[in-house]
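What follows is the content of start34.cif, which has mmCIF, C-alpha atoms:
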data_work
loop_
_atom_site.group_PDB
_atom_site.id
_atom_site.type_symbol
_atom_site.label_atom_id
_atom_site.label_comp_id
_atom_site.auth_asym_id
_atom_site.auth_seq_id
_atom_site.Cartn_x
_atom_site.Cartn_y
_atom_site.Cartn_z
ATOM 1 C CA ILE R 148 144.875 16.104 -3.451
ATOM 2 C CA GLY R 149 148.320 17.086 -2.215
ATOM 3 C CA CYS R 150 150.218 20.306 -1.905
ATOM 4 C CA ASP R 151 153.693 21.443 -0.912
ATOM 5 C CA ARG R 152 155.812 24.582 -0.922
ATOM 6 C CA SER R 153 158.438 22.945 -3.133
ATOM 7 C CA LYS R 154 157.615 23.032 -6.850
ATOM 8 C CA ASN R 155 160.199 20.351 -7.576
ATOM 9 C CA LEU R 156 158.683 17.938 -5.088
ATOM 10 C CA VAL R 157 155.169 18.619 -6.370
ATOM 11 C CA ASP R 158 156.350 18.026 -9.952
ATOM 12 C CA ILE R 159 157.389 14.531 -8.873
ATOM 13 C CA CYS R 160 153.811 13.957 -7.687
ATOM 14 C CA GLY R 161 152.589 15.167 -11.057
ATOM 15 C CA GLU R 162 154.884 12.726 -12.860
ATOM 16 C CA LYS R 163 153.273 9.941 -10.855
ATOM 17 C CA HIS R 164 149.840 11.183 -11.935
ATOM 18 C CA PHE R 165 148.738 12.339 -8.509
ATOM 19 C CA GLN R 166 146.668 15.505 -8.171
ATOM 20 C CA ALA R 167 148.901 18.081 -6.508
ATOM 21 C CA PHE R 168 149.627 21.805 -6.525
ATOM 22 C CA VAL R 169 152.191 24.250 -5.176
ATOM 23 C CA CYS R 170 151.275 26.550 -2.325
ATOM 24 C CA ASP R 171 152.242 27.902 1.077
ATOM 25 C CA ALA R 172 150.746 26.259 4.166
ATOM 26 C CA LEU R 173 149.922 29.693 5.568
ATOM 27 C CA SER R 174 147.640 30.432 2.636
ATOM 28 C CA VAL R 175 146.118 27.337 1.069
ATOM 29 C CA PRO R 176 144.143 28.108 -2.101
ATOM 30 C CA ILE R 177 141.261 25.774 -1.300
ATOM 31 C CA ARG R 178 137.700 26.776 -0.564
ATOM 32 C CA SER R 179 136.814 26.904 3.113
ATOM 33 C CA GLY R 180 134.910 23.939 4.473
ATOM 34 C CA SER R 181 135.461 21.833 1.375
ATOM 35 C CA CYS R 182 137.476 18.962 2.883
ATOM 36 C CA ASP R 183 136.284 15.936 4.833
ATOM 37 C CA ALA R 184 139.812 15.294 6.056
ATOM 38 C CA CYS R 185 143.272 16.840 5.918
ATOM 39 C CA ILE R 186 146.676 15.616 6.897
ATOM 40 C CA SER R 187 149.724 17.678 7.754
ATOM 41 C CA ILE R 188 152.740 15.438 8.075
ATOM 42 C CA ALA R 189 156.094 16.894 9.069
ATOM 43 C CA VAL R 190 155.190 20.387 7.895
ATOM 44 C CA ILE R 191 154.374 22.575 10.879
ATOM 45 C CA HIS R 192 157.733 21.958 12.548
ATOM 46 C CA HIS R 193 159.413 23.934 9.768
ATOM 47 C CA PHE R 194 157.761 27.205 10.752
ATOM 48 C CA SER R 195 160.020 29.399 12.793
ATOM 49 C CA THR R 196 157.630 31.216 15.148
ATOM 50 C CA ALA R 197 154.828 30.093 17.443
ATOM 51 C CA GLU R 198 152.572 32.569 15.652
ATOM 52 C CA ARG R 199 153.192 31.008 12.245
ATOM 53 C CA ARG R 200 152.807 27.497 13.600
ATOM 54 C CA VAL R 201 149.362 28.223 15.037
ATOM 55 C CA ALA R 202 148.461 30.024 11.801
ATOM 56 C CA THR R 203 149.115 26.849 9.778
ATOM 57 C CA ILE R 204 146.795 24.885 12.085
ATOM 58 C CA ARG R 205 144.145 27.578 11.787
ATOM 59 C CA GLU R 206 144.453 27.381 7.996
ATOM 60 C CA LEU R 207 144.144 23.584 8.117
ATOM 61 C CA ALA R 208 140.964 23.933 10.198
ATOM 62 C CA ARG R 209 139.520 26.437 7.724
ATOM 63 C CA LEU R 210 139.643 23.851 4.935
ATOM 64 C CA LEU R 211 137.575 21.340 6.921
ATOM 65 C CA ARG R 212 133.822 21.055 6.896
ATOM 66 C CA PRO R 213 132.182 20.877 10.346
ATOM 67 C CA GLY R 214 132.810 17.364 11.655
ATOM 68 C CA GLY R 215 135.804 16.943 9.367
ATOM 69 C CA SER R 216 139.111 15.587 10.734
ATOM 70 C CA ALA R 217 142.732 16.663 10.629
ATOM 71 C CA LEU R 218 145.812 14.564 11.379
ATOM 72 C CA ILE R 219 148.996 16.410 12.305
ATOM 73 C CA TYR R 220 152.473 14.903 12.769
ATOM 74 C CA VAL R 221 155.444 16.944 13.967
ATOM 75 C CA TRP R 222 158.916 15.949 15.119
ATOM 76 C CA ALA R 223 159.276 15.383 18.831
ATOM 77 C CA MET R 224 162.057 16.784 20.972
ATOM 78 C CA GLU R 225 161.907 13.473 22.811
ATOM 79 C CA GLN R 226 163.408 10.951 20.396
ATOM 80 C CA GLU R 227 163.563 8.432 23.201
ATOM 81 C CA TYR R 228 160.229 7.946 24.881
ATOM 82 C CA LYS R 229 159.157 5.421 27.509
ATOM 83 C CA ASN R 230 162.599 3.856 27.238
ATOM 84 C CA GLN R 231 162.135 3.198 23.564
ATOM 85 C CA LYS R 232 164.437 4.876 21.075
ATOM 86 C CA SER R 233 162.741 6.104 17.905
ATOM 87 C CA LYS R 234 163.761 4.625 14.557
ATOM 88 C CA TYR R 235 165.560 7.891 13.865
ATOM 89 C CA LEU R 236 167.918 7.218 16.777
ATOM 90 C CA LYS R 237 168.076 3.446 16.384
ATOM 91 C CA GLU R 238 169.445 3.586 12.869
ATOM 92 C CA LYS R 239 172.728 5.071 14.022
ATOM 93 C CA ASN R 240 176.041 3.140 13.769
ATOM 94 C CA GLY R 241 174.971 1.064 10.819
ATOM 95 C CA ASN R 242 172.160 -0.635 12.674
ATOM 96 C CA LYS R 243 169.634 -0.244 9.882
ATOM 97 C CA ASN R 244 166.236 -1.875 10.134
ATOM 98 C CA LYS R 245 165.166 -0.711 6.722
ATOM 99 C CA ASP R 246 167.107 0.211 3.625
ATOM 100 C CA LYS R 247 164.647 2.829 2.453
ATOM 101 C CA GLU R 248 166.643 5.774 1.258
ATOM 102 C CA MET R 249 170.047 4.699 2.555
ATOM 103 C CA ASN R 250 171.059 3.439 -0.819
ATOM 104 C CA THR R 251 174.178 5.429 -1.573
ATOM 105 C CA GLY R 252 177.630 4.295 -0.563
ATOM 106 C CA ALA R 253 178.322 7.299 1.599
ATOM 107 C CA ALA R 254 175.132 7.062 3.595
ATOM 108 C CA GLN R 255 175.805 3.447 4.440
ATOM 109 C CA ARG R 256 179.094 4.175 6.113
ATOM 110 C CA PRO R 257 178.755 3.704 9.849
ATOM 111 C CA LEU R 258 177.979 6.863 11.703
ATOM 112 C CA SER R 259 180.967 6.311 13.939
ATOM 113 C CA ASP R 260 182.525 8.734 11.461
ATOM 114 C CA GLN R 261 180.869 11.369 13.573
ATOM 115 C CA GLY R 262 183.348 10.799 16.360
ATOM 116 C CA PRO R 263 185.152 13.198 18.675
ATOM 117 C CA GLU R 264 187.318 14.522 15.833
ATOM 118 C CA ASN R 265 184.170 15.964 14.345
ATOM 119 C CA SER R 266 182.976 17.466 17.558
ATOM 120 C CA SER R 267 183.637 20.933 16.237
ATOM 121 C CA GLN R 268 180.925 20.197 13.693
ATOM 122 C CA ASP R 269 178.667 18.721 16.319
ATOM 123 C CA SER R 270 178.595 21.921 18.234
ATOM 124 C CA ALA R 271 178.597 24.195 15.217
ATOM 125 C CA TRP R 272 176.504 27.255 15.814
ATOM 126 C CA SER R 273 174.852 29.322 13.222
ATOM 127 C CA ASP R 274 174.601 33.048 13.697
ATOM 128 C CA GLN R 275 170.996 33.169 12.598
ATOM 129 C CA LEU R 276 168.724 34.962 14.982
ATOM 130 C CA LEU R 277 165.489 33.573 16.229
ATOM 131 C CA ASN R 278 162.532 35.888 15.963
ATOM 132 C CA ASP R 279 160.320 34.684 18.725
ATOM 133 C CA SER R 280 161.075 34.477 22.402
ATOM 134 C CA LYS R 281 160.871 31.044 23.864
ATOM 135 C CA ASP R 282 157.795 30.749 26.027
ATOM 136 C CA GLU R 283 158.098 27.072 26.765
ATOM 137 C CA ASN R 284 161.412 25.454 27.464
ATOM 138 C CA CYS R 285 161.463 21.718 27.989
ATOM 139 C CA GLY R 286 164.895 21.664 29.541
ATOM 140 C CA ALA R 287 167.043 22.539 26.540
ATOM 141 C CA LYS R 288 169.079 25.667 25.910
ATOM 142 C CA PRO R 289 168.613 28.886 27.860
ATOM 143 C CA ALA R 290 166.078 31.210 26.241
ATOM 144 C CA ALA R 291 168.505 34.121 25.985
ATOM 145 C CA ASP R 292 170.710 32.355 23.402
ATOM 146 C CA PHE R 293 169.273 33.094 19.960
ATOM 147 C CA ARG R 294 171.794 31.234 17.840
ATOM 148 C CA LEU R 295 170.587 28.116 16.066
ATOM 149 C CA PRO R 296 172.622 24.967 16.643
ATOM 150 C CA VAL R 297 173.351 22.636 13.751
ATOM 151 C CA HIS R 298 172.104 19.194 14.623
ATOM 152 C CA THR R 299 174.077 15.974 14.345
ATOM 153 C CA ASN R 300 171.808 13.558 12.527
ATOM 154 C CA ARG R 301 170.572 10.503 14.357
ATOM 155 C CA THR R 302 171.334 11.906 17.800
ATOM 156 C CA SER R 303 169.012 13.328 20.429
ATOM 157 C CA PHE R 304 167.867 16.914 20.141
ATOM 158 C CA HIS R 305 169.410 19.360 22.583
ATOM 159 C CA SER R 306 167.429 22.362 21.491
ATOM 160 C CA GLN R 307 163.875 22.903 20.335
ATOM 161 C CA ASP R 308 164.975 25.230 17.546
ATOM 162 C CA LEU R 309 167.738 23.990 15.307
ATOM 163 C CA LEU R 310 169.075 23.413 11.825
ATOM 164 C CA VAL R 311 169.210 19.839 10.549
ATOM 165 C CA PRO R 312 171.708 18.970 7.810
ATOM 166 C CA TRP R 313 170.365 17.433 4.632
ATOM 167 C CA HIS R 314 172.610 16.033 1.941
ATOM 168 C CA LEU R 315 171.688 16.342 -1.694
ATOM 169 C CA LYS R 316 173.402 13.333 -3.214
ATOM 170 C CA GLY R 317 174.375 13.561 -6.898
ATOM 171 C CA GLY R 318 171.309 13.216 -9.100
ATOM 172 C CA THR R 319 168.955 11.563 -6.643
ATOM 173 C CA LYS R 320 167.047 13.789 -4.251
ATOM 174 C CA LYS R 321 166.780 12.320 -0.789
ATOM 175 C CA LYS R 322 163.389 13.049 0.638
ATOM 176 C CA GLU R 323 162.671 13.221 4.282
ATOM 177 C CA GLU R 324 160.567 10.255 5.375
ATOM 178 C CA SER R 325 157.903 12.110 7.263
ATOM 179 C CA LEU R 326 156.424 9.447 9.482
ATOM 180 C CA ASP R 327 159.680 7.653 10.142
ATOM 181 C CA THR R 328 161.814 10.794 10.516
ATOM 182 C CA GLU R 329 164.654 9.210 8.595
ATOM 183 C CA LEU R 330 167.324 11.441 7.183
ATOM 184 C CA VAL R 331 170.391 10.908 5.115
ATOM 185 C CA SER R 332 173.550 10.814 7.194
ATOM 186 C CA GLY R 333 174.977 14.172 8.115
ATOM 187 C CA SER R 334 178.495 12.840 8.177
ATOM 188 C CA PHE R 335 180.911 15.547 7.218
ATOM 189 C CA LYS R 336 183.461 13.096 5.886
ATOM 190 C CA GLU R 337 181.456 12.784 2.696
ATOM 191 C CA SER R 338 183.096 15.935 1.449
ATOM 192 C CA GLN R 339 185.171 14.084 -1.133
ATOM 193 C CA GLU R 340 181.997 13.741 -3.153
ATOM 194 C CA LEU R 341 181.345 17.475 -2.748
ATOM 195 C CA SER R 342 177.641 16.933 -2.154
ATOM 196 C CA PRO R 343 175.967 20.136 -1.008
ATOM 197 C CA VAL R 344 174.628 20.205 2.535
ATOM 198 C CA PHE R 345 171.470 22.162 3.244
ATOM 199 C CA HIS R 346 170.513 23.269 6.713
ATOM 200 C CA ARG R 347 166.797 23.018 7.266
ATOM 201 C CA TYR R 348 165.105 24.795 10.127
ATOM 202 C CA TYR R 349 163.116 22.743 12.619
ATOM 203 C CA HIS R 350 161.206 23.581 15.749
ATOM 204 C CA VAL R 351 160.851 20.204 17.485
ATOM 205 C CA PHE R 352 157.887 19.896 19.806
ATOM 206 C CA CYS R 353 157.838 18.952 23.482
ATOM 207 C CA GLU R 354 155.296 16.613 24.996
ATOM 208 C CA GLY R 355 151.960 18.422 25.198
ATOM 209 C CA GLU R 356 153.045 21.374 23.099
ATOM 210 C CA LEU R 357 151.209 20.466 19.896
ATOM 211 C CA GLU R 358 148.089 19.605 21.827
ATOM 212 C CA ALA R 359 148.252 22.922 23.697
ATOM 213 C CA VAL R 360 148.565 24.871 20.446
ATOM 214 C CA CYS R 361 145.502 23.061 19.045
ATOM 215 C CA ARG R 362 143.508 23.640 22.231
ATOM 216 C CA SER R 363 144.146 27.368 21.897
ATOM 217 C CA LEU R 364 141.864 27.335 18.827
ATOM 218 C CA ASP R 365 138.134 27.222 19.417
ATOM 219 C CA CYS R 366 137.264 25.976 15.928
ATOM 220 C CA VAL R 367 138.643 22.485 16.614
ATOM 221 C CA ARG R 368 138.503 19.805 19.290
ATOM 222 C CA VAL R 369 141.453 17.546 20.087
ATOM 223 C CA GLN R 370 140.107 14.076 19.530
ATOM 224 C CA LYS R 371 143.340 12.154 20.036
ATOM 225 C CA SER R 372 146.886 12.975 21.019
ATOM 226 C CA TYR R 373 149.775 10.478 20.890
ATOM 227 C CA TYR R 374 153.453 9.734 20.256
ATOM 228 C CA ASP R 375 154.565 7.761 17.209
ATOM 229 C CA GLN R 376 158.185 6.975 16.341
ATOM 230 C CA GLY R 377 159.703 10.279 17.295
ATOM 231 C CA ASN R 378 156.660 12.344 16.377
ATOM 232 C CA TRP R 379 153.975 14.094 18.421
ATOM 233 C CA CYS R 380 150.604 13.630 16.751
ATOM 234 C CA VAL R 381 147.075 14.941 17.080
ATOM 235 C CA ILE R 382 143.745 14.158 15.498
ATOM 236 C CA LEU R 383 141.466 17.177 15.418
ATOM 237 C CA GLU R 384 137.769 17.500 14.741
ATOM 238 C CA LYS R 385 136.418 20.672 13.172
ATOM 239 C CA LEU R 386 133.616 22.114 15.250
ATOM 240 C CA MET L 165 144.937 19.058 -13.030
ATOM 241 C CA LYS L 166 141.549 17.373 -13.252
ATOM 242 C CA LEU L 167 138.304 19.308 -13.189
ATOM 243 C CA LEU L 168 137.472 17.758 -9.839
ATOM 244 C CA THR L 169 140.653 19.307 -8.432
ATOM 245 C CA HIS L 170 139.841 22.642 -10.041
ATOM 246 C CA ASN L 171 136.485 22.536 -8.254
ATOM 247 C CA LEU L 172 138.228 22.790 -4.877
ATOM 248 C CA LEU L 173 140.714 25.513 -5.798
ATOM 249 C CA SER L 174 140.134 29.151 -5.002
ATOM 250 C CA SER L 175 142.285 32.215 -5.519
ATOM 251 C CA HIS L 176 143.802 33.468 -2.274
ATOM 252 C CA VAL L 177 145.048 36.817 -3.470
ATOM 253 C CA PRO L 178 144.799 39.105 -0.431
ATOM 254 C CA GLY L 179 141.928 41.562 -0.159
ATOM 255 C CA LEU L 180 139.329 39.738 -2.231
ATOM 256 C CA ARG L 181 135.657 39.891 -1.311
ATOM 257 C CA PRO L 182 134.320 36.606 0.131
ATOM 258 C CA GLY L 183 133.927 34.126 -2.690
ATOM 259 C CA GLY L 184 135.730 36.462 -5.055
ATOM 260 C CA GLY L 185 138.415 33.930 -5.770
ATOM 261 C CA PHE L 186 136.175 31.161 -7.024
ATOM 262 C CA PRO L 187 135.885 29.714 -9.563
ATOM 263 C CA LEU L 188 139.264 30.176 -11.194
ATOM 264 C CA ARG L 189 138.963 30.603 -14.916
ATOM 265 C CA ILE L 190 140.764 27.848 -16.820
ATOM 266 C CA GLU L 191 142.769 29.153 -19.747
ATOM 267 C CA LEU L 192 143.980 26.604 -22.235
ATOM 268 C CA GLY L 193 146.282 26.759 -25.185
ATOM 269 C CA HIS L 194 143.469 25.633 -27.439
ATOM 270 C CA PRO L 195 139.738 26.351 -27.351
ATOM 271 C CA SER L 196 137.432 24.104 -25.350
ATOM 272 C CA GLU L 197 135.316 21.531 -27.126
ATOM 273 C CA LEU L 198 132.265 22.555 -25.156
ATOM 274 C CA PRO L 199 129.931 25.469 -25.825
ATOM 275 C CA PRO L 200 130.028 28.251 -23.168
ATOM 276 C CA GLU L 201 126.513 27.443 -21.903
ATOM 277 C CA PRO L 202 124.644 24.137 -21.747
ATOM 278 C CA ILE L 203 122.368 23.879 -24.749
ATOM 279 C CA PRO L 204 118.634 23.702 -24.099
ATOM 280 C CA ASN L 205 117.409 20.160 -23.434
ATOM 281 C CA PHE L 206 120.975 18.953 -23.037
ATOM 282 C CA GLU L 207 119.880 15.900 -21.019
ATOM 283 C CA ALA L 208 118.508 14.359 -24.166
ATOM 284 C CA ASP L 209 121.500 15.224 -26.317
ATOM 285 C CA GLU L 210 123.731 12.142 -26.330
ATOM 286 C CA GLU L 211 126.531 13.816 -28.225
ATOM 287 C CA PHE L 212 126.625 16.735 -25.801
ATOM 288 C CA LEU L 213 126.530 14.412 -22.771
ATOM 289 C CA ARG L 214 129.405 12.417 -24.193
ATOM 290 C CA ARG L 215 131.466 15.555 -24.505
ATOM 291 C CA VAL L 216 130.625 16.690 -20.951
ATOM 292 C CA HIS L 217 131.562 13.280 -19.552
ATOM 293 C CA HIS L 218 134.838 13.456 -21.384
ATOM 294 C CA VAL L 219 135.729 16.879 -20.003
ATOM 295 C CA LEU L 220 134.763 15.999 -16.430
ATOM 296 C CA LEU L 221 136.400 12.643 -16.127
ATOM 297 C CA GLU L 222 138.859 12.161 -18.913
ATOM 298 C CA VAL L 223 140.607 15.481 -19.372
ATOM 299 C CA GLU L 224 143.523 16.842 -17.399
ATOM 300 C CA VAL L 225 144.920 20.285 -17.957
ATOM 301 C CA LEU L 226 148.655 19.891 -18.521
ATOM 302 C CA GLU L 227 149.611 23.380 -19.668
ATOM 303 C CA GLY L 228 147.596 26.528 -19.203
ATOM 304 C CA SER L 229 146.689 28.915 -16.432
ATOM 305 C CA LEU L 230 144.059 29.674 -13.819
ATOM 306 C CA GLN L 231 142.760 33.212 -13.585
ATOM 307 C CA CYS L 232 141.348 34.760 -10.412
ATOM 308 C CA PRO L 233 137.865 36.075 -11.278
ATOM 309 C CA ASP L 234 138.116 39.244 -9.152
ATOM 310 C CA SER L 235 141.780 40.231 -9.306
ATOM 311 C CA GLY L 236 142.708 38.846 -12.717
ATOM 312 C CA ARG L 237 145.884 37.354 -11.230
ATOM 313 C CA ARG L 238 147.029 34.341 -13.239
ATOM 314 C CA PHE L 239 148.441 31.146 -11.792
ATOM 315 C CA PRO L 240 150.342 28.874 -14.185
ATOM 316 C CA ILE L 241 149.655 25.189 -14.738
ATOM 317 C CA SER L 242 152.695 23.287 -15.928
ATOM 318 C CA LYS L 243 153.053 19.511 -16.411
ATOM 319 C CA GLY L 244 149.621 19.143 -14.893
ATOM 320 C CA VAL L 245 150.653 20.980 -11.705
ATOM 321 C CA PRO L 246 149.091 24.327 -10.794
ATOM 322 C CA ASN L 247 151.408 26.738 -8.982
ATOM 323 C CA LEU L 248 149.382 28.890 -6.618
ATOM 324 C CA LEU L 249 152.248 30.458 -4.695
ATOM 325 C CA LEU L 250 151.782 34.150 -4.089
ATOM 326 C CA THR L 251 154.752 36.428 -4.509
ATOM 327 C CA GLU L 252 155.869 39.406 -2.395
ATOM 328 C CA ASP L 253 154.090 41.642 -4.924
ATOM 329 C CA ASP L 254 150.716 40.054 -4.283
ATOM 330 C CA ALA L 255 150.707 40.792 -0.553
#
Let me see the file written as structure tokens.
Amino acid sequence: IGCDRSKNLVDICGEKHFQAFVCDALSVPIRSGSCDACISIAVIHHFSTAERRVATIRELARLLRPGGSALIYVWAMEQEYKNQKSKYLKEKNGNKNKDKEMNTGAAQRPLSDQGPENSSQDSAWSDQLLNDSKDENCGAKPAADFRLPVHTNRTSFHSQDLLVPWHLKGGTKKKEESLDTELVSGSFKESQELSPVFHRYYHVFCEGELEAVCRSLDCVRVQKSYYDQGNWCVILEKL
Amino acid sequence: MKLLTHNLLSSHVPGLRPGGGFPLRIELGHPSELPPEPIPNFEADEEFLRRVHHVLLEVEVLEGSLQCPDSGRRFPISKGVPNLLLTEDDA
């Protein structure tokens, strides 16, 4: 059974005859202890405070029966790890390994469009304030700066808290590929098609951060912790 | 929404007593084909068993609502998808 905050996305699941419902990850309308296993893929990194992020993990643990397992994937700050670039970074400059959702003309244009002339966009800052103070800082921006940078797609992250552009192309919704972290190009030269750009909040995780958050809960045990294609992942066991 | 899915769902309206959100009452546009209580000696009643099997495994609620037993709050089901989002008013 699946659930998501977006009614439109869940409706697509319904059309495909999957069992799914609409809810908020902070309050999942499922009986406690009723699940053998849960997965949370590319969800927790959308919550804007450390408090809310740990609350989603606590909620996930509540659903599990003792001995049940949870799998969590979140985006990693480190998109290049052990000298290997993630697929998210590799598929820059037209070097596409897969043609998954890159099937519109605009998205297939080489990302060299995002050159120096667009650097004003690259360093665009949003005046949105962050609510929480940064306790951990894996070498990115100084904690005192509470503006959220707008990310340039398919480049490394320079901040743990940021807005990532997402293009809604005419008619076809582009979904984020959770495990592969693929996104539609954020090239700003696509404006002739007047496709709306949405800025989606992300808190990308540093090495060890997800694991540390899970260890702070005494209802679960971290069974496994690893890196997978630009994601930090944990497998938890409900105690 | 299948009955098996319904079995896992529970109302999460704030302030309910433990267990007060389960089970959600299914409200359909048309009356159910089953009686409200199992009839005596239902195990032997082929016709009844056939109808129970049908409801458990072959019926999906497409349009209707789920009602929280304690609070009375209704959650809509549309195109087979229940929407259990709480609003600001619920909190």
Using only C-alpha atoms, what table do you get, as a tab-separated table, when you list each residue of chain R with an atom no more than 7 Å from chain L, its nearest pair of atoms, and their distance in Å rounded to one decimal, rows by chain then rising number?
residue	atom	partner	partner_atom	distance
R:Asp158	CA	L:Val245	CA	6.7
R:Gly161	CA	L:Val245	CA	6.2
R:Gln166	CA	L:Met165	CA	6.3
R:Ala167	CA	L:Val245	CA	6.2
R:Phe168	CA	L:Pro246	CA	5.0
R:Val169	CA	L:Asn247	CA	4.6
R:Cys170	CA	L:Leu249	CA	4.7
R:Asp171	CA	L:Leu249	CA	6.3
R:Ser174	CA	L:His176	CA	6.9
R:Pro176	CA	L:Ser174	CA	5.1
R:Ile177	CA	L:Leu173	CA	4.5
R:Arg178	CA	L:Ser174	CA	5.6
R:Ser181	CA	L:Leu172	CA	6.9
What is the atom CA of R:His346-atom CA of R:Phe293 distance in Å, reported with one decimal?
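That distance, rounded to one decimal, is 16.5 Å.
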Quote the spacing between atom CA of L:Leu198 and atom CA of R:Ile148 in Å to one decimal place.
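Computing the Euclidean distance for atom CA of L:Leu198 and atom CA of R:Ile148 yields 25.9 Å.
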Show me, as a PyMOL selection string, the residues that have an atom within 6 Å of stretch 208-221 of chain R when counting all atoms listed in the file, minus same-chain residues fewer than 4 positions from it.
chain R and resi 179-189+192+378-386
Atom CA of R:Phe345 to atom CA of R:Arg152: how many Å, to one decimal?
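Answer for the atom CA of R:Phe345 to atom CA of R:Arg152 separation: 16.4 Å.
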Residues within 6 Å of L:Gln231, please, as a PyMOL selection string. Count all atoms listed in the file; anything in the same chain fewer than 6 positions from it doesn't count.
chain L and resi 188-189+237-238
Taking only C-alpha atoms into account, name the residue in R:His164, R:Ala197, R:Lys316, R:Gln376 that is nearest to R:Cys361.
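Nearest to R:Cys361: R:Ala197.
With distances restricted to all atoms listed in the file, R:Val190 is the closest residue to R:Ser153 from R:Asn230, R:Val190, R:Arg200, R:Asp308.
With only C-alpha atoms as the basis for measurement, R:Arg301 is the residue among R:Gly377, R:Val351, R:Arg301, R:Glu162 that approaches R:Lys237 most closely.
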Could you state which residues are captured by the PyMOL selection byres ((chain L and resi 229) around 7) in this file, as a PDB file with C-alpha atoms, keeping the file's coordinate frame?
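Contents of selection_32.pdb, as written:
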ATOM      1  CA  ILE L 190     140.764  27.848 -16.820  1.00  0.00           C
ATOM      2  CA  GLU L 191     142.769  29.153 -19.747  1.00  0.00           C
ATOM      3  CA  LEU L 192     143.980  26.604 -22.235  1.00  0.00           C
ATOM      4  CA  GLY L 228     147.596  26.528 -19.203  1.00  0.00           C
ATOM      5  CA  LEU L 230     144.059  29.674 -13.819  1.00  0.00           C
ATOM      6  CA  GLN L 231     142.760  33.212 -13.585  1.00  0.00           C
ATOM      7  CA  ARG L 238     147.029  34.341 -13.239  1.00  0.00           C
ATOM      8  CA  PHE L 239     148.441  31.146 -11.792  1.00  0.00           C
ATOM      9  CA  PRO L 240     150.342  28.874 -14.185  1.00  0.00           C
ATOM     10  CA  ILE L 241     149.655  25.189 -14.738  1.00  0.00           C
TER      11      ILE L 241
END
Taking every listed atom of stretch 294-303 of chain R and adding 8 Å to each side, what centre and edge lengths in Å (one decimal) does the axis-aligned box have, as lines of an AutoDock Vina configuration file?
center_x = 171.5
center_y = 20.9
center_z = 16.5
size_x = 21.1
size_y = 36.7
size_z = 23.9
If I put a ball of radius 8 Å at (155.4, 12.0, 24.0) in the file's coordinates, which residues poke into it when counting only C-alpha atoms, written as a ChimeraX atom specification?
/R:223,225,228,353-355,373-374,378-379
Please write the residues from the selection above to a file, keeping C-alpha atoms, as a CSV table (one decimal), keeping the file's coordinate frame.
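Result file follows (selection.csv):
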chain,number,residue,atom,x,y,z
R,223,ALA,CA,159.3,15.4,18.8
R,225,GLU,CA,161.9,13.5,22.8
R,228,TYR,CA,160.2,7.9,24.9
R,353,CYS,CA,157.8,19.0,23.5
R,354,GLU,CA,155.3,16.6,25.0
R,355,GLY,CA,152.0,18.4,25.2
R,373,TYR,CA,149.8,10.5,20.9
R,374,TYR,CA,153.5,9.7,20.3
R,378,ASN,CA,156.7,12.3,16.4
R,379,TRP,CA,154.0,14.1,18.4
